[in-house]
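Undergrad: Encoded as structure tokens, here's the structure I'll be asking about.
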Amino acid sequence: MEKKELILEGKAKRLYTTEDEALVIQEFKDDASAFNGVKKGSISKKGEINCAISSIFFEYLESYHVPTHFIQIQAPNEMLVKKVDIVLIEAVMRNIATGSLVKRLGFQDGKALDHPVFEIYLKNDDLGDPLINEYHAYALGIALPDEIRSIFRITAKVNAILKSFLERRGLILVDFKLEFGRDEKGELIIADEISPDTCRFWDRKTHKKLDKDRFRFDMGGVDQAYQEILERISKI
Ligand code: ADP
Ligand code: UDP
């Protein structure tokens with residue numbers, strides 16, 4: 001399927017229409033950004049690597065009947081997906097306290113959470129993607145109570161599935177972010193990407209960070225870390 005018109009360009013991806021109205025192409029860029037766009041840079045081969053990693057996760061989740069927008073890879077950094085109306089919420093699940101949870105609530109960095117923590121953030125760059133609760137979402141008219149319940153259920157299921165998939169490959173799923181969209185039938189499906197840009201992965205033995213935190217905190221070895229995630233999850 002050919003890329004037609006550019007619909008939108010975000011910080012990490014471009015979206016194009018195709019000849020099929022129901023499908024769009026997500027083109028993954030090498031551009032990297034953090035801290036709500038304040039830190040900018042580029043990570044070598046990131047577009048191709050994140051496209052490959054996301055497709056592996058999406059296909060694996062589909063095999064567990066988790067609905068996603070994924071159709072197929074159609075070039076190394078291009079993914080054909082179902083077009084959706086994006087729900088303006090970022091759903092985050094955390095198994096280990098780090099990042100904003102430490103800053104906001106004073107958790108000890110690296111503390112394993114006995115109960116995974118589920119959070120929702122408003123997807124709004126101008127407001128800095130603030131943490132919200134379900135009542136804010138209802139009041140803002142961005143999701144219905146049933147939809148928030150589905151978003152929670154699907155995110156919890158994704159956590160269970162990916163946690164054990166990654167554990168078998170020597171990786172800890174520290175936390176991750178999902179985006180959801182409404183498909184043609186109004187059903188909620190997972191959209192966007194699942195990659196080291198949107199998840200935190202630590203090596204199980206050494207706790208070495210293998211995700212965007214290496215870029216956020218200038219730790220070096222960013223492209224190697226992304227490549228390592230791809231290699232580990234490519235193993236059957
Ligand atoms: P951002 O700058 O918001 O981080 P990206 O660079 O990741 O954005 O661009 C991707 C954009 O496309 C996001 O706004 C995301 O919500 C949106 N998107 C992802 N998947 C789909 C889809 N299947 N249909 C429509 N929009 C999508
Ligand atoms: N995350 C993301 N996009 C965002 C904010 C967070 O993908 O706009 C991911 C992030 O990579 C991590 C998880 O969500 O895996 C939790 O992030 P946290 O709230 O700790 O964010 P930080 O402020 O540290 O980026």
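Note on naming: chains are A, B, ... as they come in the structure tokens, residues start from 1 per chain, ligands start from 1 in the order shown.
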Kindly work out which residues sit at most 9 Å from ligand 1, using only C-alpha atoms and all ligand atoms, and give the list as a ChimeraX atom specification.

TA: /A:7-15,23-29,31,33,36-37,68-70,80-88,123-125,179-183,189-193

Undergrad: Give me a file of those residues, with C-alpha atoms, as a PDB file, in the first residue's frame.

TA:
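Output file result_33.pdb is given in full below:
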```pdb
ATOM      1  CA  ILE A   7      -2.021  13.619   7.950  1.00  0.00           C
ATOM      2  CA  LEU A   8       0.107  14.546  10.896  1.00  0.00           C
ATOM      3  CA  GLU A   9       3.689  14.749  12.014  1.00  0.00           C
ATOM      4  CA  GLY A  10       4.431  14.152  15.675  1.00  0.00           C
ATOM      5  CA  LYS A  11       7.715  14.046  17.539  1.00  0.00           C
ATOM      6  CA  ALA A  12       8.521  10.416  16.680  1.00  0.00           C
ATOM      7  CA  LYS A  13       6.265   9.447  13.790  1.00  0.00           C
ATOM      8  CA  ARG A  14       4.453  10.618  10.682  1.00  0.00           C
ATOM      9  CA  LEU A  15       1.001   9.422   9.666  1.00  0.00           C
ATOM     10  CA  LEU A  23      -5.990   2.306   6.936  1.00  0.00           C
ATOM     11  CA  VAL A  24      -3.058   4.638   7.577  1.00  0.00           C
ATOM     12  CA  ILE A  25       0.714   4.247   7.442  1.00  0.00           C
ATOM     13  CA  GLN A  26       2.777   5.075  10.527  1.00  0.00           C
ATOM     14  CA  GLU A  27       6.292   6.081   9.565  1.00  0.00           C
ATOM     15  CA  PHE A  28       8.752   5.845  12.461  1.00  0.00           C
ATOM     16  CA  LYS A  29      11.411   8.585  12.586  1.00  0.00           C
ATOM     17  CA  ASP A  31      14.090  11.769  15.960  1.00  0.00           C
ATOM     18  CA  SER A  33      12.564  13.842  22.284  1.00  0.00           C
ATOM     19  CA  ASN A  36       7.744  17.009  26.750  1.00  0.00           C
ATOM     20  CA  GLY A  37       9.870  17.992  23.770  1.00  0.00           C
ATOM     21  CA  THR A  68      -4.441  -3.547  18.316  1.00  0.00           C
ATOM     22  CA  HIS A  69      -4.309  -1.314  15.240  1.00  0.00           C
ATOM     23  CA  PHE A  70      -1.504  -3.407  13.700  1.00  0.00           C
ATOM     24  CA  LEU A  80       0.240  -0.286   8.055  1.00  0.00           C
ATOM     25  CA  VAL A  81      -2.372   0.215  10.788  1.00  0.00           C
ATOM     26  CA  LYS A  82      -6.105   0.695  11.207  1.00  0.00           C
ATOM     27  CA  LYS A  83      -7.051   4.359  11.366  1.00  0.00           C
ATOM     28  CA  VAL A  84      -8.620   5.214  14.721  1.00  0.00           C
ATOM     29  CA  ASP A  85      -9.923   8.197  16.649  1.00  0.00           C
ATOM     30  CA  ILE A  86      -7.297   8.536  19.331  1.00  0.00           C
ATOM     31  CA  VAL A  87      -8.598   8.717  22.912  1.00  0.00           C
ATOM     32  CA  LEU A  88      -6.795  11.681  24.474  1.00  0.00           C
ATOM     33  CA  LYS A 123      -2.697  13.665  26.106  1.00  0.00           C
ATOM     34  CA  ASN A 124      -2.133  17.391  25.718  1.00  0.00           C
ATOM     35  CA  ASP A 125       1.381  18.707  25.006  1.00  0.00           C
ATOM     36  CA  GLU A 179      -2.544   4.799  23.636  1.00  0.00           C
ATOM     37  CA  PHE A 180      -6.016   3.700  22.596  1.00  0.00           C
ATOM     38  CA  GLY A 181      -8.272   4.568  19.703  1.00  0.00           C
ATOM     39  CA  ARG A 182     -11.816   3.870  18.589  1.00  0.00           C
ATOM     40  CA  ASP A 183     -12.029   1.787  15.417  1.00  0.00           C
ATOM     41  CA  ILE A 189      -8.052  -0.929  20.299  1.00  0.00           C
ATOM     42  CA  ILE A 190      -4.397  -0.266  21.154  1.00  0.00           C
ATOM     43  CA  ALA A 191      -2.791   2.274  18.794  1.00  0.00           C
ATOM     44  CA  ASP A 192       0.507   4.146  18.474  1.00  0.00           C
ATOM     45  CA  GLU A 193       3.607   2.102  19.419  1.00  0.00           C
TER      46      GLU A 193
END
```

Undergrad: Find the residues of stretch 28-138 of chain A that sit at most 10 Å from stretch 199-202 of chain A; for each, write down the nearest two atoms and how far apart they are in Å, to one decimal. Count only C-alpha atoms. Sort by chain, then by number going up, and give it as JSON lines.

TA:
```
{"residue": "A:Val92", "atom": "CA", "partner": "A:Cys199", "partner_atom": "CA", "distance": 9.2}
{"residue": "A:Met93", "atom": "CA", "partner": "A:Cys199", "partner_atom": "CA", "distance": 9.5}
{"residue": "A:Arg94", "atom": "CA", "partner": "A:Arg200", "partner_atom": "CA", "distance": 9.3}
{"residue": "A:Ile96", "atom": "CA", "partner": "A:Arg200", "partner_atom": "CA", "distance": 9.6}
{"residue": "A:Thr98", "atom": "CA", "partner": "A:Arg200", "partner_atom": "CA", "distance": 9.4}
{"residue": "A:Gly99", "atom": "CA", "partner": "A:Arg200", "partner_atom": "CA", "distance": 9.7}
```

Undergrad: If you count only C-alpha atoms and all ligand atoms, which residues end up within 9 Å of ligand 2, as an MDAnalysis selection string?

TA: chainID A and resid 34:36 90:94 97:103 119 121 123 125 128:129 131 173:178 193:201 211:213 216

Undergrad: For A:Glu228, which residue out of A:Ile154, A:Leu171, A:Leu188, A:Leu127 is the nearest one, using only C-alpha atoms?

TA: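 Of the candidates, the smallest distance to A:Glu228 is held by A:Leu171.
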
Undergrad: With only C-alpha atoms as the atoms that count, which of A:Ile236, A:Glu62, A:Pro130, A:Asp223 lies nearest to A:Glu48?

TA: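 Using only C-alpha atoms, the shortest distance to A:Glu48 belongs to A:Asp223.
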